[in-house]
Structure formats: structure tokens, C-alpha cells
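A short write-up of the structure that comes next.
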Number of protein chains: 2
Amino acid sequence: MPPEPAETRARLLHVACKTFAEKGFRDSTIADISRKAKANIAAVNYHFGDKETLYKEAWRHAHQKMVEAFPPHGGVPEDAPPEQRLRGRIRSLLQRAMCEDGLEFQIMSHELASPTGLLNEVFRDTVRPMRQAMDQLVRQLLGEPCDNLTVRLCAISIIGPCLQILRKRHLHARSEFHPWLNENQLETMVEHFTLFALAGIHAIRTRHHDSPSSASTDKALVSESTS
Amino acid sequence: MPPEPAETRARLLHVACKTFAEKGFRDSTIADISRKAKANIAAVNYHFGDKETLYKEAWRHAHQKMVEAFPPHGGVPEDAPPEQRLRGRIRSLLQRAMCEDGLEFQIMSHELASPTGLLNEVFRDTVRPMRQAMDQLVRQLLGEPCDNLTVRLCAISIIGPCLQILRKRHLHARSEFHPWLNENQLETMVEHFTLFALAGIHAIRTRHHDSPSSASTDKALVSESTS
DNA sequence: CCACAAGTCAAACGAGCATTTGAAATCATT
DNA sequence: AATGATTTCAAATGCTCGTTTGACTTGTGG
């Protein structure tokens with residue numbers, strides 16, 4: 001009694017997401033995924049061809065679910081004041097990083113640490129737009145036209161802490177700790193990081209106003225790369 | 001003509017650091033390391049016993065070199081005002097993250113993404129003290145006694161961006177880009193992150209002054225974990 | 001010159017893993 | 001019920017990699 005035809009593919013995809021999120025591409029084995037999905041070891045190759053395309057499909061799946069659950073703008077309309085939009089983006093980042101089933105960032109974390117290169121194309125289409133949106137928002141908050149380096153450093157100052165949370169979550173994942181998606185705690189963190197970021201940007205802004213930047217547009221930090 | 005006896009061990013250690021930093025534990029192979037170190041494939045097992053102890057020795061080596069080159073306080077004396085000490089710690093973090101041979105953070109980055117558990121003990125002795133020092137410094141900057149959650153979130157807001165830089169460096173490592181340790185650029189970043197952090201902390205501080213925190217000491221973010 | 005330890009080397013072993021294979025089971029259509 | 005397509009299955013294949021083995025080379029002390 002095979003449990004629902006074509007259901008196997010969905011189960012494999014789901015288990016693959018969790019496994020890749022936990023162990024990364026290389027440390028995940030087809031045998032392990034198949035066993036956890038209650039499928040035969042040949043099922044992966046039958047439904048997806050090989051391990052690599054299963055990996056790509058798994059990330060696409062995890063990413064799409066996250067986009068639906070937590071859109072990048074965090075529910076704040078596009079014509080809201082920049083401060084509100086920043087709060088929305090920070091909330092979206094934190095939700096994605098902290099969500100119990102938020103496997104998208106975990107897979108991406110592995111991919112950044114030891115790149116397989118398999119997700120490069122998908123990343124170009126997904127994370128680059130988010131980066132550009134963040135840069136544009138920062139540019140608005142900084143007011144008068146600023147050099148790209150300043151903008152990028154501010155964006156890093158905003159995104160960095162949110163992704164740092166992700167790492168802590170991953171560390172705690174295998175310990176006794178569980179109730180991560182605490183709504184109160186989330187809002188506490190959103191408020192903290194938003195307030196912190198707005199104050200930081202304001203300080204940078206006034207510094208620029210006092211002494212116009214000597215920072216050159218630096219190809220290194222500003223170049224077109226993922227993340 | 002074996003090039004200097006007992007020299008092989010040093011070459012293996014050096015190559016192992018670079019390889020583990022680039023590929024992580026699992027993706028690095030003994031054969032590859034041995035070949036690059038111009039040593040026989042059995043040399044690793046002769047000099048270190050097995051791959052795991054080579055890994056631990058490699059991290060110890062990379063870490064020790066970084067501690068000597070860039071002490072955590074960044075050259076700022078312990079009795080300097082907190083603002084200066086924060087600047088020193090941020091500089092130290094950025095130097096370690098950006099240094100051409102700064103393999104310590106790269107290995108740690110892999111270890112955090114997909115933990116082997118082999119470095120847990122060493123981490124306890126090395127990164128935890130740094131974390132505690134940062135927390136204490138933040139506590140001073142925040143002034144009046146603050147709850148642990150607030151302190152930790154501030155610390156994350158400081159450390160996060162510095163480690164985000166590390167990830168960008170790693171991405172660019174395999175592209176055409178090289179001259180990373182630009183002294184001017186380093187100071188630009190130190191100034192940016194320090195200014196940003198001080199402004200953020202000040203904002204949090206005044207908020208706390210206005211409305212005393214309702215945030216409970218949360219076991220999750222505050223617990224005793226590495227990093 | 002000899003004996004002994006330290007170090008190096010090529011070859012082989014054995015485990016783990018992705019992938020293939022060919023048969024069996026199940027489903028859909030007539 | 002029969003036929004063909006789809007899906008599942010256990011076993012086998014072939015490759016990579018960590019580790020071991022045993023011989024060979026080099027350096028040292030008597």
C-alpha cells in the first residue's frame with residue numbers, strides 16, 4: 001500500500017528541505033532522506049533525476065513557502081514612510097530567520113559557508129532584489145545622495161544582526177530549547193533592531209552632513225554579488 | 001631529499017588551515033591536503049593520527065596566530081573609556097575577519113553552519129570569554145543596570161555586521177578580487193560600525209530611561225552557548 | 001660499520017555513498 | 001480482464017576517501 005501516488009515526491013521534497021537545512025548539501029545523504037520520507041532509495045533518482053536537482057528543487061520550495069508566509073516588505077505598503085518600511089523589512093528578516101519551518105535561510109547559510117554553486121542562479125533572482133530594495137531604502141533614510149560604500153555599510157549594519165540571530169537559532173536547534181517563535185519576543189527584537197538601526201543611520205547621516213565623505217566608491221563592497 | 005625533517009608537519013598544518021577554511025571539514029580531503037603540502041598521503045596519519053585531530057590542531061593554530069596578530073581589545077588599554085574600547089573590539093573583529101590569512105573566522109564560520117562538534121571545547125575556552133567581554137562592555141555603555149536580553153541584543157547588533165563582512169569576503173575570495181586588507185578601507189569600516197553602534201546603544205539607553213523594559217530575561221537568547 | 005629510531009612512500013583495504021538496474025507491484029485505459 | 005505506463009523495490013555497481021600496511025630511506029649514536 002504505497003501511501004498516495006505522486007505523494008512520494010512531496011514527502012521527499014519536504015524531508016529534503018529539512019535535511020539540507022540541517023546538514024547542508026554534502027553531509028546529507030540520499031539514503032537518509034529516502035528513509036525519513038519512507039521511500040525507497042531509488043525514489044530520489046526516479047522523481048528528481050539526481051541529488052543536485054533535488055537540492056535546487058528543495059531550496060525553491062523552501063524559498064517559495066517563505067515568500068508566501070513572510071513577504072520581504074513585512075506587510076508594510078510601499079508608500080508608507082521609510083521608517084515603517086524599514087521596520088517591515090526587519091520584521092520579515094527576523095520572521096524568516098526564526099520561523100520553526102524557516103528552512104530557506106538555513107539552507108542559504110550552508111550555501112554561503114561552503115558554496116556548491118548550484119543555487120547561484122536562483123540566488124541572483126531572489127536575494128539580489130532584496131539587497132537592492134534594502135539599499136534603496138537606506139538611501140532614502142540617509143537623505144541627500146550618499147556614496148555607495150556608506151549605503152552598503154548601513155545595509156550591512158541592518159542585515160547583519162538579523163542573520164546573526166539565525167546562527168544562534170541553528171545552534172540552539174539541537175539543544176533542549178524549542179519555543180522559538182514567541183510573538184512577544186519577535187516584536188521585542190523587531191523594535192530593538194529597528195530603533196538601533198534608525199539611530200545608527202541618523203548618526204551616519206549627521207556625520208556626512210558635517211564632513212562630506214572621503215570614502216571612495218569601492219568595488220569590493222559594492223560589487224554585484226549575491227547577498 | 002625530504003625538505004627538512006619535522007618540517008612536513010608544519011607544512012601540513014598550514015595547508016590544512018587554508019583548506020579547512022575554504023571547504024570546511026567534510027569537503028576537505030586528506031589526499032588534497034597532502035598533495036598541496038607536497039607530502040605523502042600517509043603523512044597526516046603519521047603526524048596527527050587522524051583527520052579529526054588535524055582539524056582541531058589546525059584551528060588551534062589559526063586561532064593562536066590571530067590572537068597574537070590582533071588581540072581582542074584591539075590595542076586599547078583596559079582602563080580607556082568604553083567608547084574607545086568598543087572601537088578597539090570592533091577593529092579587532094574586522095581585522096580578524098578581513099585579514100588575508102585570517103582563517104580562524106572562516107573555519108569557525110563553517111563550524112557554525114554545519115557543526116562537527118570537534119571544536120566545541122576549544123570554542124568554550126576562546127569565543128565565550130570574548131562574548132562575555134563584549135556583554136560587559138555593552139553593559140557599561142548602557143549605563144544603569146539593564147536586563148540580559150537588552151544587553152545581548154545590543155551585542156548582536158555590534159557583532160553581526162562585522163561577521164557579515166566575513167561572509168562577503170568569503171564570497172569574493174574566489175572571484176577576481178584580491179586587495180582586501182586596505183588600511184584606509186578598514187579604518188573607514190571601523191569608524192562606520194563604531195559610530196553606528198554607539199548611536200544605537202544610546203538610543204536603546206534613552207528608550208530604557210523613558211520606559212523601563214518589560215522584556216523578561218529570556219533563556220533563549222541569553223543562555224550559555226558558544227558565540 | 002652496525003643498529004635503531006624517525007620519517008617517507010606506494011599500494012591496498014574497507015566503509016560510505018550516489019547512481020543504476022531489472023524485476024515486481026500498482027494504476028489507468030479500454 | 002488485458003495491456004501498457006507509472007511507480008516502487010532490493011540488490012548491485014562504481015567511485016571517493018580515510019586509514020592501514022609494510023617496505024624503503026635518512027639521520028644518529030656507539
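Quick note on naming: the chains in the C-alpha cells go A, B, ... in the order shown, residues restart at 1 in each chain, and ligands are numbered from 1 in order of appearance.
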Next item on the list: Show which residues sit within 10 Å of His192 (chain A), as a PyMOL selection string. Count only C-alpha atoms (C1' of nucleotides), and ignore same-chain residues fewer than 2 positions away.
Entry: (chain A and resi 186-190+194-197) or (chain B and resi 150+153-154+157+200-201+203-204+207)
Keeping only all heavy atoms, take the residues you just selected and write them out as a compact mmCIF listing (two decimals), in the first residue's frame.
# COMPACT_ATOMS: atom_id res chain seq x y z
N LEU A 186 9.55 38.17 19.34
CA LEU A 186 9.78 38.68 17.99
C LEU A 186 9.63 40.19 17.95
O LEU A 186 10.51 40.91 17.45
CB LEU A 186 8.81 38.03 17.00
CG LEU A 186 8.87 38.58 15.59
CD1 LEU A 186 10.18 38.19 14.92
CD2 LEU A 186 7.70 38.11 14.76
N GLU A 187 8.52 40.68 18.50
CA GLU A 187 8.28 42.12 18.45
C GLU A 187 9.34 42.88 19.25
O GLU A 187 9.76 43.98 18.85
CB GLU A 187 6.88 42.45 18.95
CG GLU A 187 5.79 42.07 17.97
CD GLU A 187 6.03 42.65 16.58
OE1 GLU A 187 6.42 43.84 16.47
OE2 GLU A 187 5.87 41.90 15.59
N THR A 188 9.76 42.30 20.36
CA THR A 188 10.84 42.92 21.12
C THR A 188 12.07 43.10 20.25
O THR A 188 12.68 44.18 20.21
CB THR A 188 11.21 42.05 22.34
OG1 THR A 188 10.06 41.89 23.17
CG2 THR A 188 12.34 42.68 23.13
N MET A 189 12.40 42.04 19.51
CA MET A 189 13.60 42.11 18.68
C MET A 189 13.40 43.07 17.52
O MET A 189 14.32 43.84 17.17
CB MET A 189 13.93 40.71 18.17
CG MET A 189 14.40 39.80 19.29
SD MET A 189 14.53 38.08 18.78
CE MET A 189 15.58 38.25 17.38
N VAL A 190 12.21 43.04 16.91
CA VAL A 190 11.95 43.97 15.80
C VAL A 190 12.13 45.40 16.29
O VAL A 190 12.81 46.22 15.64
CB VAL A 190 10.53 43.77 15.25
CG1 VAL A 190 10.19 44.88 14.27
CG2 VAL A 190 10.40 42.42 14.58
N THR A 194 15.12 47.82 14.95
CA THR A 194 14.68 48.99 14.20
C THR A 194 15.17 50.27 14.85
O THR A 194 15.73 51.16 14.19
CB THR A 194 13.15 49.01 14.11
OG1 THR A 194 12.68 47.78 13.57
CG2 THR A 194 12.69 50.16 13.22
N LEU A 195 14.97 50.35 16.15
CA LEU A 195 15.43 51.55 16.87
C LEU A 195 16.93 51.72 16.73
O LEU A 195 17.43 52.82 16.43
CB LEU A 195 15.03 51.42 18.35
CG LEU A 195 15.44 52.56 19.28
CD1 LEU A 195 14.88 53.88 18.75
CD2 LEU A 195 14.95 52.29 20.69
N PHE A 196 17.64 50.63 16.91
CA PHE A 196 19.10 50.64 16.80
C PHE A 196 19.53 51.12 15.42
O PHE A 196 20.39 52.01 15.28
CB PHE A 196 19.62 49.22 17.06
CG PHE A 196 21.05 49.15 17.51
CD1 PHE A 196 21.36 48.99 18.85
CD2 PHE A 196 22.08 49.24 16.59
CE1 PHE A 196 22.69 48.91 19.26
CE2 PHE A 196 23.41 49.17 17.01
CZ PHE A 196 23.71 49.00 18.34
N ALA A 197 18.88 50.56 14.39
CA ALA A 197 19.27 50.89 13.02
C ALA A 197 18.96 52.34 12.69
O ALA A 197 19.79 53.04 12.09
CB ALA A 197 18.55 49.96 12.05
N THR B 150 18.33 42.79 26.65
CA THR B 150 18.72 44.03 26.01
C THR B 150 20.22 44.05 25.72
O THR B 150 20.65 44.41 24.62
CB THR B 150 18.35 45.23 26.90
OG1 THR B 150 16.95 45.21 27.14
CG2 THR B 150 18.75 46.53 26.25
N LEU B 153 21.01 41.72 22.80
CA LEU B 153 20.58 42.24 21.51
C LEU B 153 21.52 43.35 21.03
O LEU B 153 21.82 43.45 19.84
CB LEU B 153 19.14 42.76 21.60
CG LEU B 153 18.07 41.67 21.69
CD1 LEU B 153 16.68 42.30 21.84
CD2 LEU B 153 18.10 40.78 20.46
N CYS B 154 21.98 44.16 21.95
CA CYS B 154 22.94 45.19 21.57
C CYS B 154 24.24 44.55 21.10
O CYS B 154 24.82 44.96 20.08
CB CYS B 154 23.22 46.13 22.75
SG CYS B 154 21.89 47.31 23.07
N SER B 157 23.86 43.32 17.75
CA SER B 157 23.82 44.43 16.79
C SER B 157 25.22 44.92 16.45
O SER B 157 25.43 45.54 15.41
CB SER B 157 22.99 45.58 17.35
OG SER B 157 21.66 45.17 17.60
N GLY B 200 23.26 53.57 18.20
CA GLY B 200 22.22 52.60 18.50
C GLY B 200 22.10 52.37 20.00
O GLY B 200 21.00 52.39 20.56
N ILE B 201 23.23 52.15 20.64
CA ILE B 201 23.21 51.91 22.08
C ILE B 201 22.62 53.10 22.82
O ILE B 201 21.83 52.96 23.76
CB ILE B 201 24.64 51.61 22.59
CG1 ILE B 201 25.09 50.23 22.10
CG2 ILE B 201 24.71 51.68 24.10
CD1 ILE B 201 26.50 49.88 22.49
N ALA B 203 20.47 55.19 21.72
CA ALA B 203 19.01 55.21 21.52
C ALA B 203 18.33 54.20 22.44
O ALA B 203 17.30 54.49 23.07
CB ALA B 203 18.69 54.89 20.06
N ILE B 204 18.90 53.00 22.53
CA ILE B 204 18.33 51.98 23.41
C ILE B 204 18.36 52.48 24.86
O ILE B 204 17.41 52.31 25.62
CB ILE B 204 19.13 50.67 23.28
CG1 ILE B 204 19.06 50.14 21.85
CG2 ILE B 204 18.60 49.63 24.27
CD1 ILE B 204 17.69 49.73 21.39
N ARG B 207 15.68 55.02 25.46
CA ARG B 207 14.37 54.36 25.47
C ARG B 207 14.14 53.69 26.82
O ARG B 207 13.07 53.84 27.42
CB ARG B 207 14.30 53.30 24.37
CG ARG B 207 12.95 52.59 24.35
CD ARG B 207 13.01 51.33 23.53
NE ARG B 207 13.90 50.33 24.15
CZ ARG B 207 14.04 49.09 23.68
NH1 ARG B 207 13.40 48.72 22.59
NH2 ARG B 207 14.83 48.24 24.29
Could you list, with a cut-off of 12 Å and counting only C-alpha atoms (C1' of nucleotides), the residues of chain D near chain B, each shown with its nearest atom pair and the distance in Å rounded to one decimal, rows sorted by chain and ascending number, as a tab-separated table?
residue	atom	partner	partner_atom	distance
D:DT16	C1'	B:Thr29	CA	9.8
D:DC17	C1'	B:Thr29	CA	7.1
D:DG18	C1'	B:Ile30	CA	7.5
D:DT19	C1'	B:Asn45	CA	7.7
D:DT20	C1'	B:Ala42	CA	9.1
D:DT21	C1'	B:Ala42	CA	10.6
D:DT25	C1'	B:Met1	CA	9.3
D:DT26	C1'	B:Pro2	CA	8.7
D:DG27	C1'	B:Pro5	CA	9.6
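Across the structure, CA of His208 (chain A) and CA of Gln95 (chain B) are spaced 24.4 Å apart.
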Note to self: Give me, as a PyMOL selection string, the residues of region 45-194 of chain A that a backbone DSSP run labels helix (DSSP H, G or I).
What the structure shows: chain A and resi 45-48+51-69+82-98+103-113+120-142+148-173+183-194
Chain A residues near chain B within 6 Å, closest pair each, using only C-alpha atoms, as JSON lines:
{"residue": "A:Lys23", "atom": "CA", "partner": "B:Ser114", "partner_atom": "CA", "distance": 5.9}
{"residue": "A:His110", "atom": "CA", "partner": "B:Ala113", "partner_atom": "CA", "distance": 5.5}
{"residue": "A:Ala113", "atom": "CA", "partner": "B:His110", "partner_atom": "CA", "distance": 5.5}
{"residue": "A:Ser114", "atom": "CA", "partner": "B:Lys23", "partner_atom": "CA", "distance": 5.9}
{"residue": "A:Ile156", "atom": "CA", "partner": "B:Pro161", "partner_atom": "CA", "distance": 5.6}
{"residue": "A:Ser157", "atom": "CA", "partner": "B:Pro161", "partner_atom": "CA", "distance": 4.9}
{"residue": "A:Gly160", "atom": "CA", "partner": "B:Pro161", "partner_atom": "CA", "distance": 4.2}
{"residue": "A:Pro161", "atom": "CA", "partner": "B:Gly160", "partner_atom": "CA", "distance": 4.3}
{"residue": "A:Gln164", "atom": "CA", "partner": "B:Gly160", "partner_atom": "CA", "distance": 5.3}
{"residue": "A:Phe196", "atom": "CA", "partner": "B:Gly200", "partner_atom": "CA", "distance": 4.1}
{"residue": "A:Ala199", "atom": "CA", "partner": "B:Gly200", "partner_atom": "CA", "distance": 5.1}
{"residue": "A:Gly200", "atom": "CA", "partner": "B:Phe196", "partner_atom": "CA", "distance": 4.1}
Kindly provide the residues of chain C that approach chain A to within 8 Å, each paired with its closest atom pair and their distance in Å to one decimal, based on only C-alpha atoms (C1' of nucleotides), listed by chain and increasing number, as JSON lines.
{"residue": "C:DC17", "atom": "C1'", "partner": "A:Thr29", "partner_atom": "CA", "distance": 7.3}
{"residue": "C:DA18", "atom": "C1'", "partner": "A:Ile30", "partner_atom": "CA", "distance": 7.5}
{"residue": "C:DT19", "atom": "C1'", "partner": "A:Asn45", "partner_atom": "CA", "distance": 7.7}
Notebook entry, point to check: Between CA of Ala43 (chain A) and C1' of DA5 (chain D), what is the distance, to one decimal in Å?
Noted result: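 These atoms are spaced 17.1 Å apart.
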Next item on the list: Fewer than 4 positions away in the same chain doesn't count, so skip those; otherwise give me all residues within 12 Å of DC2 (chain C), counting only C-alpha atoms (C1' of nucleotides), as a PyMOL selection string.
Entry: chain D and resi 28-30
Notebook entry, point to check: In terms of the shortest atom-to-atom distance over only C-alpha atoms, which of B:Asp125, B:Asp135, B:Glu83, B:Asp32 is closest to Arg152 (chain B)?
Noted result: B:Asp135
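In this structure, CA of Thr126 (chain A) sits 17.9 Å away from CA of Gly88 (chain A).
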Margin query: So that I can see what lies close to DA28 (chain C), please list as a PyMOL selection string the residues with an atom at most 12 Å from it, counting only C-alpha atoms (C1' of nucleotides) and leaving out residues fewer than 5 positions away in the same chain.
Written below: chain D and resi 3-6
